[in-house]
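This is upload.txt (compact mmCIF, C-alpha atoms).
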```
# COMPACT_ATOMS: atom_id res chain seq x y z
CA MET A 94 -8.11 84.42 9.36
CA SER A 95 -6.73 87.67 10.74
CA ASP A 96 -3.12 86.91 9.96
CA LYS A 97 -3.61 86.14 6.27
CA LEU A 98 -0.53 87.03 4.34
CA GLY A 99 -2.51 89.42 2.22
CA ASP A 100 -3.04 91.62 5.26
CA LYS A 101 0.67 92.09 5.62
CA SER A 102 1.33 93.63 2.23
CA SER A 103 3.42 96.44 3.68
CA GLU A 104 5.80 94.01 5.32
CA GLY A 105 8.24 91.77 3.58
CA ALA A 106 7.01 88.21 3.42
CA LEU A 107 8.53 84.87 2.60
CA PHE A 108 6.72 82.06 0.80
CA ILE A 109 8.21 78.61 0.59
CA GLY A 110 6.00 76.61 -1.69
CA VAL A 111 5.37 72.89 -1.85
CA GLY A 112 8.47 71.08 -3.06
CA VAL A 113 10.80 73.98 -2.29
CA GLU A 114 13.63 73.45 0.19
CA LEU A 115 15.45 76.32 1.81
CA LYS A 116 18.37 76.12 4.19
CA GLY A 117 20.00 79.04 5.92
CA ASP A 118 19.48 82.05 8.13
CA VAL A 119 16.48 84.14 7.26
CA ALA A 120 14.98 87.29 8.75
CA VAL A 121 11.48 88.17 7.62
CA PRO A 122 9.86 91.45 8.67
CA GLY A 123 6.38 90.11 8.01
CA ALA A 124 5.02 86.63 7.58
CA ALA A 125 6.84 83.49 6.63
CA SER A 126 4.62 80.88 5.02
CA VAL A 127 6.09 77.44 4.65
CA ASP A 128 4.48 74.70 2.60
CA GLY A 129 7.82 73.20 1.62
CA ARG A 130 10.85 72.65 3.81
CA PHE A 131 12.90 75.10 5.77
CA GLU A 132 15.96 74.30 7.81
CA GLY A 133 18.02 76.85 9.68
CA THR A 134 17.45 80.03 11.62
CA LEU A 135 14.28 81.95 11.02
CA LYS A 136 13.13 85.19 12.55
CA ALA A 137 9.78 86.51 11.48
CA LYS A 138 6.74 88.29 12.74
CA THR A 139 4.40 85.48 11.78
CA LEU A 140 5.07 81.88 10.92
CA ILE A 141 2.47 79.91 9.04
CA VAL A 142 3.29 76.30 8.38
CA GLY A 143 0.93 74.55 6.00
CA GLN A 144 0.03 70.87 6.16
CA THR A 145 2.87 69.99 3.83
CA GLY A 146 5.30 72.31 5.56
CA HIS A 147 8.32 71.15 7.53
CA VAL A 148 10.39 73.61 9.53
CA SER A 149 13.42 72.77 11.62
CA GLY A 150 16.09 74.75 13.37
CA GLN A 151 15.99 77.86 15.51
CA ILE A 152 12.70 79.62 14.94
CA ASP A 153 11.86 82.90 16.61
CA VAL A 154 8.53 84.55 15.79
CA GLU A 155 5.77 86.67 17.26
CA THR A 156 2.90 84.42 16.29
CA ALA A 157 2.71 81.00 14.73
CA GLU A 158 0.05 78.82 13.23
CA ILE A 159 1.17 75.28 12.62
CA ARG A 160 -0.58 72.77 10.41
CA GLY A 161 2.54 70.92 9.40
CA MET A 162 5.67 69.96 11.28
CA VAL A 163 8.06 72.07 13.31
CA GLU A 164 11.12 70.62 15.00
CA ASP A 165 13.98 71.74 17.22
CA HIS A 166 13.63 75.17 18.83
CA LEU A 167 10.52 77.26 18.45
CA THR A 168 10.02 80.51 20.31
CA VAL A 169 6.69 82.26 19.90
CA LYS A 170 6.59 85.54 21.74
CA ASN A 171 2.87 85.92 21.46
CA ARG A 172 0.36 83.31 20.34
CA LEU A 173 1.08 79.80 19.22
CA VAL A 174 -1.70 77.90 17.50
CA LEU A 175 -1.24 74.22 16.79
CA ARG A 176 -3.90 72.88 14.47
CA ALA A 177 -5.12 69.29 14.41
CA SER A 178 -2.78 68.26 11.63
CA GLY A 179 0.21 69.98 13.19
CA SER A 180 3.15 68.49 14.96
CA LEU A 181 5.66 70.17 17.25
CA SER A 182 8.73 68.58 18.72
CA GLY A 183 11.76 69.90 20.52
CA THR A 184 11.91 72.91 22.77
CA ILE A 185 8.93 75.18 22.55
CA SER A 186 8.50 78.55 24.24
CA TYR A 187 5.30 80.52 24.01
CA SER A 188 3.29 83.21 25.65
CA LYS A 189 -0.19 81.98 24.74
CA ILE A 190 -1.04 78.62 23.29
CA MET A 191 -3.94 76.90 21.65
CA VAL A 192 -3.78 73.26 20.65
CA GLU A 193 -6.49 71.60 18.64
CA GLU A 194 -7.33 67.99 19.36
CA GLY A 195 -5.09 65.87 17.19
CA GLY A 196 -2.20 68.29 17.29
CA SER A 197 0.96 66.57 18.42
CA ILE A 198 3.42 67.97 20.92
CA SER A 199 6.55 66.20 22.07
CA GLY A 200 9.39 67.77 23.93
CA THR A 201 9.90 70.51 26.43
CA ILE A 202 7.38 73.27 26.67
CA GLU A 203 8.10 76.51 28.45
CA MET A 204 5.90 79.50 28.97
CA MET A 205 7.39 82.93 28.51
CA ALA A 206 6.38 85.70 30.85
CA ARG A 207 3.28 87.46 29.59
CA GLY A 208 4.74 90.83 30.33
CA ALA A 209 3.80 92.80 33.39
CA VAL A 210 0.13 91.87 33.10
CA GLU A 211 0.39 88.31 34.32
CA ALA A 212 2.03 86.87 37.38
CA GLU A 213 5.03 84.63 37.02
CA PRO A 214 3.95 81.28 35.59
CA GLU A 215 6.18 79.37 38.00
CA ALA A 216 4.43 80.97 40.91
CA LYS A 217 1.08 79.91 39.50
CA VAL A 218 2.21 76.37 39.02
CA VAL A 219 4.30 75.62 42.04
CA GLN A 220 2.58 77.36 44.89
CA PHE A 221 -0.28 75.38 46.30
CA HIS A 222 -1.47 77.09 49.42
CA GLN A 223 -4.44 75.75 51.30
CA GLY A 224 -5.35 79.20 52.52
CA ALA A 225 -5.71 77.95 56.08
CA ASP A 226 -4.95 81.32 57.58
CA MET B 226 -18.25 45.67 46.32
CA THR B 227 -14.82 45.13 47.75
CA CYS B 228 -11.68 46.17 46.08
CA GLU B 229 -8.04 45.69 46.96
CA PHE B 230 -6.99 49.26 46.32
CA SER B 231 -3.62 48.82 47.94
CA SER B 232 -2.62 46.34 45.25
CA LEU B 233 -3.33 48.76 42.44
CA ARG B 234 -0.16 50.10 40.99
CA VAL B 235 0.60 52.45 38.17
CA PRO B 236 1.93 50.68 35.10
CA GLU B 237 5.63 51.35 34.77
CA ASN B 238 6.36 51.14 31.08
CA GLU B 239 4.54 51.92 27.89
CA ASP B 240 3.59 48.28 27.25
CA GLU B 241 1.98 48.03 30.64
CA VAL B 242 0.22 51.35 30.19
CA GLU B 243 -1.08 50.28 26.83
CA ALA B 244 -2.20 46.93 28.18
CA PHE B 245 -4.01 48.43 31.15
CA ASP B 246 -7.64 47.44 30.92
CA TRP B 247 -9.90 50.23 32.14
CA LYS B 248 -12.93 48.00 31.63
CA ALA B 249 -11.53 45.69 34.27
CA PHE B 250 -10.59 48.55 36.56
CA ALA B 251 -12.31 47.47 39.76
CA PRO B 252 -13.63 50.84 40.96
CA ALA B 253 -15.24 51.39 37.59
CA ALA B 254 -17.41 48.28 37.58
CA ALA B 255 -19.87 49.32 40.25
CA ALA B 256 -19.49 53.02 39.60
CA ARG B 257 -20.48 52.76 35.94
CA LYS B 258 -23.57 50.78 36.78
CA ASN B 259 -24.71 53.19 39.48
CA ASN B 260 -23.29 56.40 38.05
CA PHE B 261 -21.12 56.88 41.11
CA PHE B 262 -18.52 59.57 41.08
CA LEU B 263 -16.28 61.34 43.54
CA ILE B 264 -16.17 65.02 44.37
CA VAL B 265 -13.31 66.43 46.34
CA ASP B 266 -14.80 69.70 47.48
CA GLU B 267 -12.97 72.98 47.90
CA ALA B 268 -12.51 72.50 51.61
CA THR B 269 -11.00 69.05 51.25
CA GLY B 270 -7.37 68.03 50.90
CA ILE B 271 -6.12 64.54 50.24
CA ASP B 272 -2.56 63.42 50.79
CA GLY B 273 -1.84 59.94 49.56
CA LYS B 274 -3.51 57.74 46.98
CA LEU B 275 -6.89 58.48 45.53
CA VAL B 276 -8.46 55.64 43.56
CA THR B 277 -11.85 56.04 41.98
CA TRP B 278 -13.68 55.82 38.71
CA THR B 279 -14.48 59.46 38.04
CA ALA B 280 -13.10 62.29 40.14
CA PHE B 281 -14.02 65.95 40.19
CA ILE B 282 -11.40 67.73 42.23
CA HIS B 283 -12.29 71.16 43.58
CA GLY B 284 -9.92 70.90 46.52
CA GLN B 285 -6.38 69.67 46.76
CA ALA B 286 -4.88 66.28 46.11
CA ASP B 287 -1.24 65.50 46.81
CA GLY B 288 0.07 62.11 45.83
CA LEU B 289 -1.39 59.68 43.33
CA VAL B 290 -4.70 60.13 41.58
CA PHE B 291 -5.67 56.86 39.91
CA ALA B 292 -8.98 57.10 38.08
CA GLU B 293 -10.48 56.57 34.68
CA HIS B 294 -11.70 60.16 34.39
CA VAL B 295 -10.25 63.09 36.27
CA THR B 296 -11.43 66.68 36.20
CA VAL B 297 -9.45 69.25 38.11
CA GLU B 298 -11.88 72.07 38.56
CA LYS B 299 -11.08 75.80 38.72
CA SER B 300 -10.25 75.73 42.40
CA GLY B 301 -8.64 72.32 42.22
CA ARG B 302 -4.98 71.57 42.78
CA VAL B 303 -3.24 68.30 42.10
CA ARG B 304 0.40 67.66 42.83
CA GLY B 305 2.14 64.34 42.40
CA MET B 306 1.04 61.82 39.83
CA ILE B 307 -2.09 61.22 37.79
CA PHE B 308 -2.80 57.98 36.01
CA CYS B 309 -6.05 58.16 34.11
CA ARG B 310 -7.77 57.81 30.80
CA THR B 311 -9.05 61.33 30.42
CA LEU B 312 -7.82 64.41 32.23
CA THR B 313 -9.52 67.78 32.10
CA VAL B 314 -7.72 70.67 33.72
CA LEU B 315 -9.41 73.91 34.67
CA GLY B 316 -7.38 74.40 37.83
CA HIS B 317 -3.74 73.67 38.58
CA VAL B 318 -1.90 70.43 38.02
CA ALA B 319 1.79 69.96 38.76
CA ALA B 320 2.28 66.27 38.25
CA ASP B 321 3.61 63.41 36.26
CA VAL B 322 0.68 62.49 34.09
CA ILE B 323 0.04 59.33 32.12
CA CYS B 324 -3.22 59.38 30.24
CA GLU B 325 -4.91 59.07 26.90
CA VAL B 326 -6.61 62.42 26.49
CA VAL B 327 -5.63 65.72 28.07
CA HIS B 328 -7.85 68.75 27.82
CA VAL B 329 -6.67 72.03 29.31
CA ARG B 330 -9.52 74.50 29.51
CA GLY B 331 -10.17 78.02 30.69
CA ASN B 332 -7.28 79.19 32.81
CA GLY B 333 -6.10 75.69 33.50
CA VAL B 334 -2.44 75.16 34.26
CA LEU B 335 -0.71 71.89 33.54
CA SER B 336 2.95 71.39 34.33
CA GLY B 337 5.13 68.36 34.73
CA THR B 338 5.90 65.32 32.68
CA VAL B 339 2.97 64.41 30.52
CA ARG B 340 2.62 61.26 28.44
CA HIS B 341 -0.55 61.45 26.43
CA LYS B 342 -2.16 60.26 23.24
CA SER B 343 -4.16 63.33 22.49
CA MET B 344 -3.98 66.83 23.83
CA ARG B 345 -6.09 69.91 23.51
CA VAL B 346 -5.39 73.33 24.97
CA GLU B 347 -7.90 76.11 24.74
CA GLY B 348 -8.75 79.45 26.27
CA ASP B 349 -5.93 80.80 28.38
CA GLY B 350 -4.63 77.41 29.32
CA LEU B 351 -0.98 77.05 30.22
CA VAL B 352 1.18 74.03 29.66
CA THR B 353 4.78 73.68 30.71
CA GLY B 354 7.14 70.78 31.15
CA SER B 355 8.01 67.70 29.23
CA PHE B 356 5.41 66.32 26.86
CA GLU B 357 5.54 63.02 25.11
CA ARG B 358 3.00 61.61 22.75
CA ARG B 359 2.34 57.96 23.52
CA GLY B 360 1.96 55.37 20.85
CA GLY B 361 4.82 56.42 18.60
CA GLU B 362 4.26 58.58 15.60
CA PRO B 363 1.60 61.26 15.56
CA ALA B 364 -1.72 60.38 13.99
CA HIS B 365 -1.50 63.22 11.51
CA ARG B 366 1.74 63.51 9.68
CA PRO B 367 2.41 66.22 7.16
CA ALA B 368 2.58 65.07 3.59
CA ALA B 369 6.04 66.55 3.16
CA ARG B 370 7.43 64.13 5.72
CA GLN B 371 5.73 61.18 4.14
CA GLN B 372 7.22 62.01 0.79
CA ALA B 373 10.74 62.35 2.16
```
With the file now loaded, output its structure as structure tokens.
Amino acid sequence: MSDKLGDKSSEGALFIGVGVELKGDVAVPGAASVDGRFEGTLKAKTLIVGQTGHVSGQIDVETAEIRGMVEDHLTVKNRLVLRASGSLSGTISYSKIMVEEGGSISGTIEMMARGAVEAEPEAKVVQFHQGAD
Amino acid sequence: MTCEFSSLRVPENEDEVEAFDWKAFAPAAAARKNNFFLIVDEATGIDGKLVTWTAFIHGQADGLVFAEHVTVEKSGRVRGMIFCRTLTVLGHVAADVICEVVHVRGNGVLSGTVRHKSMRVEGDGLVTGSFERRGGEPAHRPAARQQA
């Protein structure tokens, strides 16, 4: 896995182990790995939620890989990966998404603009021209 | 085979959706036996109600698509409502969707209100809108939640 925590040794990382509960506002320059429970505001480069992990609150990250549960507001500026055991609910914003079969999504999903490279997502979705002319 | 398509209606609530019997779905009976399927080609547009067993949509469908299996191909566009068992999206769908399995592939775009049992998004697929997992709690629940 390219975003293993070990690859991020130069950046500050946060580990929340099984059985650990943390509430509050946290900013993590590198990866946040949650196998326990987190509730609050989290900003990080990478969020990794293990199968036993439960994250709720306002989450703002670059990339996320979810095997556990994430609730409330999740913003992933780059790539969101929801594994088969994962569950997402609430308001989810992403730039790229991958959902494995079995992964659960409930709530509102929005796509963020993919920068200047891609056209506006709304335009892709809403405009259905027959191309008659 | 004759079929009263006009009497077919989309189930309104979750109980009705759950109780809907695809085995008794009239268009499926003959189609399964003879491997019939429907292709809406790129040059074809449908406005209204499309009822079939299996549909491959390369063109455009506005209105209701009512079928057991629906594939919206790369060039396909569906706007309105889809009631089906399995939905595969490689093209564009802007619709209210009620189904069991959703699979967004390639550069598929799915937006709208989606009630599903299982969903898979791969490649550069896009999903936006309101998503609800049918049948209550997710199949896989993290251990942490179970312990709580």
* Counting only C-alpha atoms, chain B residues within 9 Å of chain A, as a ChimeraX atom specification -> /B:268,270,284-285,302-304,317-319,328,334-336,340,342-358,363-370
* Asked: Can you tell me, as number ranges by chain, what residues are no more than 6 Å from segment 286-289 of chain B when counting all atoms listed in the file, ignoring any on the same chain fewer than 6 positions away?
  -> B: 270-274, 303-307
* **Å distance separating atom CA of Ser232 of chain B from atom CA of Gly316 of chain B, one decimal place** =>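 Answer for the atom CA of Ser232 of chain B to atom CA of Gly316 of chain B separation: 29.4 Å.
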* Quick one, how far is atom CA of Lys170 of chain A from atom CA of Ala106 of chain A? -> 18.5 Å
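Between atom CA of Gly150 of chain A and atom CA of Gly105 of chain A there is a distance of 21.1 Å.
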* Write out as a list in words which residues come within 12 Å of Val119 of chain A when counting all atoms listed in the file, dropping same-chain ones fewer than 4 positions away. =>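 Contacts, with the query itself left out: Gly105, Ala106, Leu107, Phe108, Ile109, Leu115, Gly123, Ala124, Ala125, Phe131, Glu132, Gly133, Thr134, Leu135, Lys136, Ala137, Lys138, Gly150, Gln151, Ile152, Asp153 and Val154 of chain A.
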* Hey, what's within 8 Å of segment 249-253 of chain B if we count all atoms listed in the file and toss same-chain stuff fewer than 4 positions away? As a VMD selection string, please? -> chain B and resid 228 257 276 to 278 293
* To do: Write out as a list in words the residues lying within 7 Å of Val235 of chain B, counting only C-alpha atoms and excluding same-chain residues fewer than 2 positions away.
  => Leu233, Glu237 and Phe308 of chain B
